[in-house]
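Asker: What follows is the file model_18.txt, containing compact mmCIF, C-alpha atoms:
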```txt
# COMPACT_ATOMS: atom_id res chain seq x y z
CA MET A 1015 -104.37 147.08 6.30
CA GLU A 1016 -104.32 148.96 3.04
CA ILE A 1017 -107.02 148.82 0.45
CA ARG A 1018 -104.83 147.50 -2.34
CA TRP A 1019 -104.47 144.08 -0.72
CA TYR A 1020 -108.21 143.66 -0.82
CA ILE A 1021 -108.32 144.91 -4.42
CA PHE A 1022 -105.74 142.31 -5.44
CA LEU A 1023 -107.45 139.51 -3.52
CA SER A 1024 -110.80 140.32 -5.10
CA LEU A 1025 -109.13 140.52 -8.52
CA ALA A 1026 -107.52 137.12 -8.06
CA LEU A 1027 -110.81 135.50 -7.07
CA PHE A 1028 -112.62 137.18 -9.96
CA CYS A 1029 -110.08 136.06 -12.54
CA ILE A 1030 -110.04 132.52 -11.16
CA GLY A 1031 -113.83 132.58 -11.57
CA ILE A 1032 -113.48 133.75 -15.18
CA ILE A 1033 -110.94 131.04 -15.93
CA GLY A 1034 -113.29 128.45 -14.48
CA ALA A 1035 -116.28 129.75 -16.41
CA LEU A 1036 -114.35 129.62 -19.68
CA THR A 1037 -112.58 126.34 -19.14
CA ARG A 1038 -115.06 123.89 -17.70
CA ARG A 1039 -117.69 122.00 -19.64
CA ASN A 1040 -120.00 121.08 -16.82
CA SER A 1041 -122.82 123.64 -16.53
CA ILE A 1042 -123.07 123.30 -12.77
CA ILE A 1043 -119.39 124.15 -12.32
CA VAL A 1044 -119.75 127.13 -14.67
CA PHE A 1045 -122.61 128.28 -12.47
CA MET A 1046 -120.48 127.89 -9.35
CA CYS A 1047 -117.74 130.00 -10.94
CA ILE A 1048 -120.32 132.73 -11.54
CA GLU A 1049 -121.16 132.62 -7.83
CA LEU A 1050 -117.45 132.88 -7.09
CA MET A 1051 -117.23 136.03 -9.21
CA LEU A 1052 -120.22 137.53 -7.40
CA ASN A 1053 -118.60 136.83 -4.06
CA SER A 1054 -115.34 138.48 -5.07
CA VAL A 1055 -117.27 141.63 -5.94
CA ASN A 1056 -119.06 141.46 -2.59
CA LEU A 1057 -115.71 141.30 -0.83
CA LEU A 1058 -114.46 144.32 -2.74
CA LEU A 1059 -117.59 146.32 -1.90
CA VAL A 1060 -117.25 145.62 1.81
CA ALA A 1061 -113.57 146.60 1.65
CA PHE A 1062 -114.52 149.87 -0.01
CA SER A 1063 -117.13 150.52 2.63
CA LYS A 1064 -114.39 150.34 5.22
CA MET A 1065 -112.17 152.55 3.11
CA HIS A 1066 -114.73 155.31 2.83
CA LEU A 1067 -114.91 155.58 6.60
CA ALA A 1068 -111.29 156.60 6.64
CA SER A 1069 -111.96 159.72 4.60
CA LEU A 1070 -113.25 162.64 6.59
CA ASN A 1071 -116.13 163.32 4.27
CA ALA A 1072 -119.53 164.20 5.57
CA PHE A 1073 -121.07 161.45 3.49
CA ALA A 1074 -118.60 158.78 4.51
CA GLY A 1075 -120.96 157.08 6.93
CA THR A 1076 -123.87 156.79 4.52
CA MET A 1077 -121.59 155.66 1.68
CA ALA A 1078 -120.19 152.92 3.85
CA THR A 1079 -123.66 151.75 4.91
CA SER A 1080 -124.90 151.93 1.31
CA ALA A 1081 -122.07 149.68 0.18
CA GLN A 1082 -122.95 147.02 2.72
CA ILE A 1083 -126.64 147.21 1.87
CA PHE A 1084 -125.70 146.86 -1.80
CA VAL A 1085 -123.85 143.66 -0.88
CA PHE A 1086 -127.00 142.43 0.87
CA PHE A 1087 -129.05 143.03 -2.28
CA ILE A 1088 -126.44 141.31 -4.45
CA MET A 1089 -126.81 138.25 -2.22
CA ILE A 1090 -130.58 138.42 -2.61
CA VAL A 1091 -130.36 138.53 -6.40
CA ALA A 1092 -127.78 135.74 -6.42
CA ALA A 1093 -130.07 133.50 -4.38
CA ALA A 1094 -133.00 134.07 -6.74
CA GLU A 1095 -130.78 133.52 -9.77
CA VAL A 1096 -129.41 130.26 -8.38
CA SER A 1097 -132.88 128.82 -7.89
CA ILE A 1098 -133.94 129.61 -11.46
CA GLY A 1099 -130.62 128.53 -12.95
CA LEU A 1100 -130.68 125.18 -11.21
CA ALA A 1101 -134.28 124.64 -12.33
CA ILE A 1102 -133.16 125.27 -15.91
CA ILE A 1103 -130.25 122.85 -15.52
CA VAL A 1104 -132.52 120.14 -14.15
CA LEU A 1105 -134.95 120.66 -17.05
CA LEU A 1106 -132.02 120.50 -19.48
CA TYR A 1107 -130.87 117.23 -17.97
CA ARG A 1108 -134.35 115.81 -18.09
CA ASN A 1109 -134.65 116.55 -21.79
CA THR A 1110 -131.19 115.82 -23.08
CA ARG A 1111 -129.64 113.55 -20.43
CA SER A 1112 -126.49 115.64 -20.40
CA ILE A 1113 -125.33 118.88 -18.82
CA ASP A 1114 -122.42 119.37 -21.13
CA ILE A 1115 -122.39 122.90 -22.47
CA ASN A 1116 -120.93 121.83 -25.81
CA PHE A 1117 -123.96 119.64 -26.23
CA LEU A 1118 -126.13 122.74 -26.21
CA ASN A 1119 -124.58 123.88 -29.48
CA ARG A 1120 -126.74 121.31 -31.14
CA LEU A 1121 -129.79 123.33 -30.16
CA LYS A 1122 -128.82 125.77 -32.89
CA ASN A 1123 -130.07 123.65 -35.79
CA MET B 869 -101.82 144.84 14.18
CA VAL B 870 -99.73 141.80 13.45
CA ILE B 871 -102.51 139.35 14.26
CA THR B 872 -104.71 141.16 11.72
CA HIS B 873 -102.10 140.73 9.02
CA ILE B 874 -101.58 137.07 9.83
CA LEU B 875 -105.31 136.41 9.74
CA PHE B 876 -105.64 138.31 6.47
CA TRP B 877 -102.95 136.29 4.76
CA PHE B 878 -104.25 133.01 6.12
CA LEU B 879 -107.82 133.72 4.96
CA SER B 880 -106.62 134.97 1.57
CA VAL B 881 -104.52 131.87 0.91
CA LEU B 882 -107.44 129.70 1.99
CA ALA B 883 -109.81 131.55 -0.36
CA ILE B 884 -107.47 131.36 -3.35
CA LEU B 885 -106.67 127.68 -2.78
CA GLY B 886 -110.38 126.95 -2.50
CA ALA B 887 -111.09 128.86 -5.72
CA ILE B 888 -108.39 126.92 -7.58
CA GLY B 889 -109.91 123.76 -6.13
CA VAL B 890 -113.30 124.73 -7.57
CA ILE B 891 -112.03 125.07 -11.11
CA ALA B 892 -109.52 122.26 -11.09
CA SER B 893 -111.21 119.29 -9.47
CA LYS B 894 -112.70 116.46 -11.51
CA ASN B 895 -115.46 115.48 -9.13
CA PRO B 896 -118.23 118.10 -8.89
CA ILE B 897 -118.78 117.29 -5.22
CA TYR B 898 -115.19 118.36 -4.52
CA SER B 899 -115.88 121.60 -6.36
CA VAL B 900 -118.89 122.31 -4.16
CA LEU B 901 -116.92 121.58 -1.01
CA CYS B 902 -114.07 123.85 -2.13
CA LEU B 903 -116.58 126.59 -2.84
CA ILE B 904 -117.96 126.22 0.69
CA VAL B 905 -114.39 126.69 1.97
CA VAL B 906 -114.15 129.87 -0.15
CA PHE B 907 -117.38 131.17 1.33
CA PHE B 908 -116.18 130.58 4.86
CA ALA B 909 -112.90 132.34 4.09
CA ILE B 910 -114.76 135.33 2.66
CA SER B 911 -117.00 135.42 5.74
CA GLY B 912 -113.83 135.44 7.80
CA HIS B 913 -112.69 138.48 5.82
CA TYR B 914 -116.03 140.16 6.54
CA ILE B 915 -115.61 139.56 10.27
CA LEU B 916 -112.06 140.92 10.03
CA MET B 917 -113.53 144.11 8.54
CA ASN B 918 -116.20 144.26 11.24
CA ALA B 919 -119.07 143.62 8.83
CA GLN B 920 -120.72 141.15 11.17
CA PHE B 921 -124.20 141.09 9.69
CA LEU B 922 -122.88 140.35 6.20
CA ALA B 923 -120.60 137.62 7.51
CA ILE B 924 -123.48 135.76 9.13
CA VAL B 925 -125.82 136.34 6.16
CA ASN B 926 -123.08 135.12 3.81
CA ILE B 927 -122.75 131.87 5.75
CA ILE B 928 -126.47 131.31 6.09
CA VAL B 929 -127.47 132.22 2.53
CA TYR B 930 -124.50 131.09 0.45
CA ALA B 931 -122.89 128.23 2.33
CA GLY B 932 -126.12 127.16 3.97
CA ALA B 933 -128.79 127.42 1.30
CA ILE B 934 -127.26 127.87 -2.15
CA MET B 935 -124.58 125.21 -1.80
CA VAL B 936 -127.13 122.77 -0.39
CA LEU B 937 -129.23 123.43 -3.51
CA PHE B 938 -126.21 122.67 -5.68
CA LEU B 939 -125.58 119.46 -3.78
CA PHE B 940 -129.20 118.40 -4.19
CA VAL B 941 -129.07 118.99 -7.93
CA ILE B 942 -125.79 117.09 -8.25
CA MET B 943 -127.33 114.24 -6.28
CA LEU B 944 -130.53 114.23 -8.33
CA ILE B 945 -128.83 114.16 -11.70
CA ASN B 946 -126.42 111.61 -10.31
CA LEU B 947 -123.20 113.25 -11.31
CA ASN B 948 -120.20 111.30 -10.15
CA ALA B 949 -116.62 112.00 -11.19
CA GLU B 950 -116.55 113.65 -14.57
CA THR B 951 -117.41 111.09 -17.19
CA GLU B 952 -117.43 113.45 -20.10
CA PRO B 953 -114.48 113.71 -22.48
CA VAL B 954 -111.82 116.28 -21.81
CA LYS B 955 -112.30 119.63 -23.44
CA ASN B 956 -109.97 120.44 -26.29
CA VAL B 957 -106.57 121.29 -24.81
CA TYR B 958 -106.16 124.38 -26.95
CA MET B 959 -109.48 125.79 -25.78
CA LYS B 960 -108.54 125.16 -22.18
CA GLY B 961 -105.17 126.83 -22.73
CA ALA B 962 -106.82 129.77 -24.47
CA GLY B 963 -109.26 130.17 -21.58
CA ILE B 964 -106.52 130.08 -18.97
CA ILE B 965 -104.32 132.49 -20.89
CA SER B 966 -107.12 134.97 -21.43
CA GLY B 967 -108.10 134.86 -17.75
CA LEU B 968 -104.53 135.39 -16.62
CA THR B 969 -104.08 138.20 -19.13
CA LEU B 970 -107.16 139.90 -17.74
CA MET B 971 -105.73 139.60 -14.25
CA ILE B 972 -102.37 141.03 -15.31
CA VAL B 973 -104.02 143.94 -17.11
CA LEU B 974 -106.24 144.79 -14.16
CA VAL B 975 -103.38 144.50 -11.67
CA ALA B 976 -101.27 146.79 -13.84
CA ALA B 977 -104.10 149.29 -14.14
CA LEU B 978 -104.91 149.34 -10.44
CA SER B 979 -101.43 149.27 -8.98
CA HIS B 980 -100.84 152.87 -10.02
CA ALA B 981 -104.12 154.11 -8.66
CA GLU B 982 -103.92 157.19 -6.51
CA ASN B 983 -105.76 156.12 -3.41
CA ALA B 984 -104.44 152.59 -3.27
CA ASN B 985 -102.57 153.14 -0.05
CA VAL B 986 -105.50 154.33 1.97
CA VAL B 987 -105.47 152.53 5.27
CA MET B 988 -108.85 151.17 6.19
CA LYS B 989 -110.28 152.38 9.44
CA ALA B 990 -110.49 149.73 12.08
CA GLY B 991 -113.28 149.00 14.50
CA THR B 992 -116.22 151.13 13.46
CA SER B 993 -119.88 150.59 13.93
CA VAL B 994 -120.99 150.51 10.31
CA GLY B 995 -121.25 146.79 9.85
CA LEU B 996 -123.31 146.09 12.92
CA THR B 997 -126.79 144.74 12.48
CA GLU B 998 -128.44 147.69 14.18
CA SER B 999 -127.03 150.41 11.95
CA LEU B 1000 -127.50 148.34 8.79
CA GLY B 1001 -131.05 147.59 9.79
CA LYS B 1002 -131.78 151.26 10.42
CA ALA B 1003 -130.42 152.22 7.00
CA LEU B 1004 -132.22 149.36 5.30
CA PHE B 1005 -135.63 150.11 6.73
CA ASN B 1006 -135.39 153.90 6.56
CA ASN B 1007 -133.73 154.62 3.24
CA TYR B 1008 -133.97 151.39 1.28
CA VAL B 1009 -137.48 150.22 2.03
CA VAL B 1010 -138.60 150.24 -1.62
CA PRO B 1011 -135.83 147.91 -2.90
CA PHE B 1012 -136.55 145.69 0.08
CA GLU B 1013 -140.19 145.30 -0.88
CA ILE B 1014 -139.32 144.87 -4.54
CA SER B 1015 -136.91 142.09 -3.60
CA SER B 1016 -139.80 140.23 -2.00
CA VAL B 1017 -141.64 140.43 -5.35
CA LEU B 1018 -138.42 139.21 -6.98
CA PHE B 1019 -138.35 136.17 -4.72
CA LEU B 1020 -142.00 135.45 -5.41
CA SER B 1021 -141.42 135.55 -9.16
CA ALA B 1022 -138.27 133.41 -8.84
CA MET B 1023 -140.21 130.82 -6.84
CA VAL B 1024 -143.10 130.73 -9.30
CA GLY B 1025 -140.66 130.55 -12.21
CA ALA B 1026 -138.66 127.73 -10.70
CA ILE B 1027 -141.78 125.69 -9.99
CA LEU B 1028 -143.14 126.28 -13.48
CA ILE B 1029 -139.83 125.31 -15.07
CA GLY B 1030 -139.56 122.18 -13.00
CA LYS B 1031 -143.04 120.87 -13.58
CA LYS B 1032 -143.38 117.73 -15.65
CA ASP B 1033 -145.39 118.13 -18.82
CA SER B 1034 -148.83 116.65 -18.39
CA VAL B 1035 -149.99 117.42 -21.91
CA LYS B 1036 -149.87 114.45 -24.19
CA ARG B 1037 -147.77 115.07 -27.22
CA VAL B 1038 -149.48 114.68 -30.57
CA LYS B 1039 -147.63 112.39 -32.89
CA GLN B 1040 -146.61 114.16 -36.03
CA ASN B 1041 -147.34 112.64 -39.39
CA ILE B 1042 -144.29 113.06 -41.53
```
Represent the structure of the file as structure tokens.

Answerer:
Amino acid sequence: MEIRWYIFLSLALFCIGIIGALTRRNSIIVFMCIELMLNSVNLLLVAFSKMHLASLNAFAGTMATSAQIFVFFIMIVAAAEVSIGLAIIVLLYRNTRSIDINFLNRLKN
Amino acid sequence: MVITHILFWFLSVLAILGAIGVIASKNPIYSVLCLIVVFFAISGHYILMNAQFLAIVNIIVYAGAIMVLFLFVIMLINLNAETEPVKNVYMKGAGIISGLTLMIVLVAALSHAENANVVMKAGTSVGLTESLGKALFNNYVVPFEISSVLFLSAMVGAILIGKKDSVKRVKQNI
């Protein structure tokens, strides 16, 4: 299994996440597309951790473990961010009765 | 070797179909369910690469906790099938075209990379819980403790944001 298949898979998921974040008007779905992008990067990091083991470097083992621990910390940050983001969305709904992101443009004036 | 390839293609197609289901479905509940399918497919990829700890943590944290939070919020704000007007067609088309252009540019840039044909080593002991735990608690103890402070601040922030205002608003004389 070569690395480029995982690069292309992660790229496809990332770009589908970007398309969703740009196209949809519902803030919750935009938030879910951000989580999708984070997961595609996690997948790529784990694939690279496997790739580094193939090279006969002296540091290959620690690089591979560092990549997987980095993924663990990305999941931690994503969990904290989701809790705050959803609290903000609920507060937004409570004040404006809508979670449409175009509606937020009216906050400018 | 062949079973690995078959599993890889099956999980990849499942993940991409789930991702397209997230961005294309009208009902937000269907989007959440498709995202759960994507998370399970990505956990399957992790198991295929022998990253067992991350596969289980992915299922527990993402599909188990974060998606349940999303479902609770969708339930609480009572969001059924999309009742808002359709976004301007030109903006949607511009978004799709820019996303696809980004994908084409990145694919073109990465397909000529030098090390793209490196075969990944199969069946190693990096992803096991024991070796990850040893590295986490020996080398990465400080980020681990700081992440507990991060969670504390996120919890306090979320509670503060979600509290109802108990201060009476003064009526303004215009």

Asker: Residues at most 9 Å from stretch 1002-1011 of chain B, counting only C-alpha atoms, excluding those fewer than 5 positions away in the same chain, as a list in words?

Answerer: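 Contacts, with the query itself left out: Thr1076, Thr1079, Ser1080, Ile1083 and Phe1087 of chain A; Thr997 and Ser1016 of chain B.
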
Asker: Neighbouring residues of stretch 889-900 of chain B were defined as those with any atom within 9 Å, considering only C-alpha atoms; residues of the same chain fewer than 6 positions away were excluded. Please report them as a compact mmCIF listing (two decimals) with C-alpha atoms, in the coordinates of the input.

Answerer:
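Generated file (part-v4.txt):
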```txt
# COMPACT_ATOMS: atom_id res chain seq x y z
CA ILE A 1030 -110.04 132.52 -11.16
CA GLY A 1031 -113.83 132.58 -11.57
CA ILE A 1033 -110.94 131.04 -15.93
CA GLY A 1034 -113.29 128.45 -14.48
CA ALA A 1035 -116.28 129.75 -16.41
CA THR A 1037 -112.58 126.34 -19.14
CA ARG A 1038 -115.06 123.89 -17.70
CA ASN A 1040 -120.00 121.08 -16.82
CA ILE A 1042 -123.07 123.30 -12.77
CA ILE A 1043 -119.39 124.15 -12.32
CA VAL A 1044 -119.75 127.13 -14.67
CA MET A 1046 -120.48 127.89 -9.35
CA CYS A 1047 -117.74 130.00 -10.94
CA MET B 935 -124.58 125.21 -1.80
CA PHE B 938 -126.21 122.67 -5.68
CA LEU B 939 -125.58 119.46 -3.78
CA ILE B 942 -125.79 117.09 -8.25
CA LEU B 947 -123.20 113.25 -11.31
CA ASN B 948 -120.20 111.30 -10.15
CA ALA B 949 -116.62 112.00 -11.19
CA GLU B 950 -116.55 113.65 -14.57
```

Asker: Please report as a ChimeraX atom specification which residues of chain A come no farther than 8 Å from chain B, using only C-alpha atoms.

Answerer: /A:1015-1018,1022-1023,1025-1027,1029-1034,1036-1039,1042-1043,1046-1047,1050,1053,1057,1060-1061,1064-1068,1075,1078-1080,1082-1083,1085-1086,1089-1091,1093-1098,1100-1102,1104-1105,1107,1114

Asker: Quick one: pull the distance between atom CA of A:Tyr1020 and atom CA of B:Gln920, Å, one decimal.

Answerer: 17.5 Å

Asker: Report, in Å to a single decimal, how far apart atom CA of B:Ala923 and atom CA of B:Phe908 are.

Answerer: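 Going from atom CA of B:Phe908 over to atom CA of B:Ala923 covers 8.7 Å.
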
Asker: Which distance in Å separates atom CA of A:Ser1041 and atom CA of B:Val905, to one decimal?

Answerer: 20.6 Å
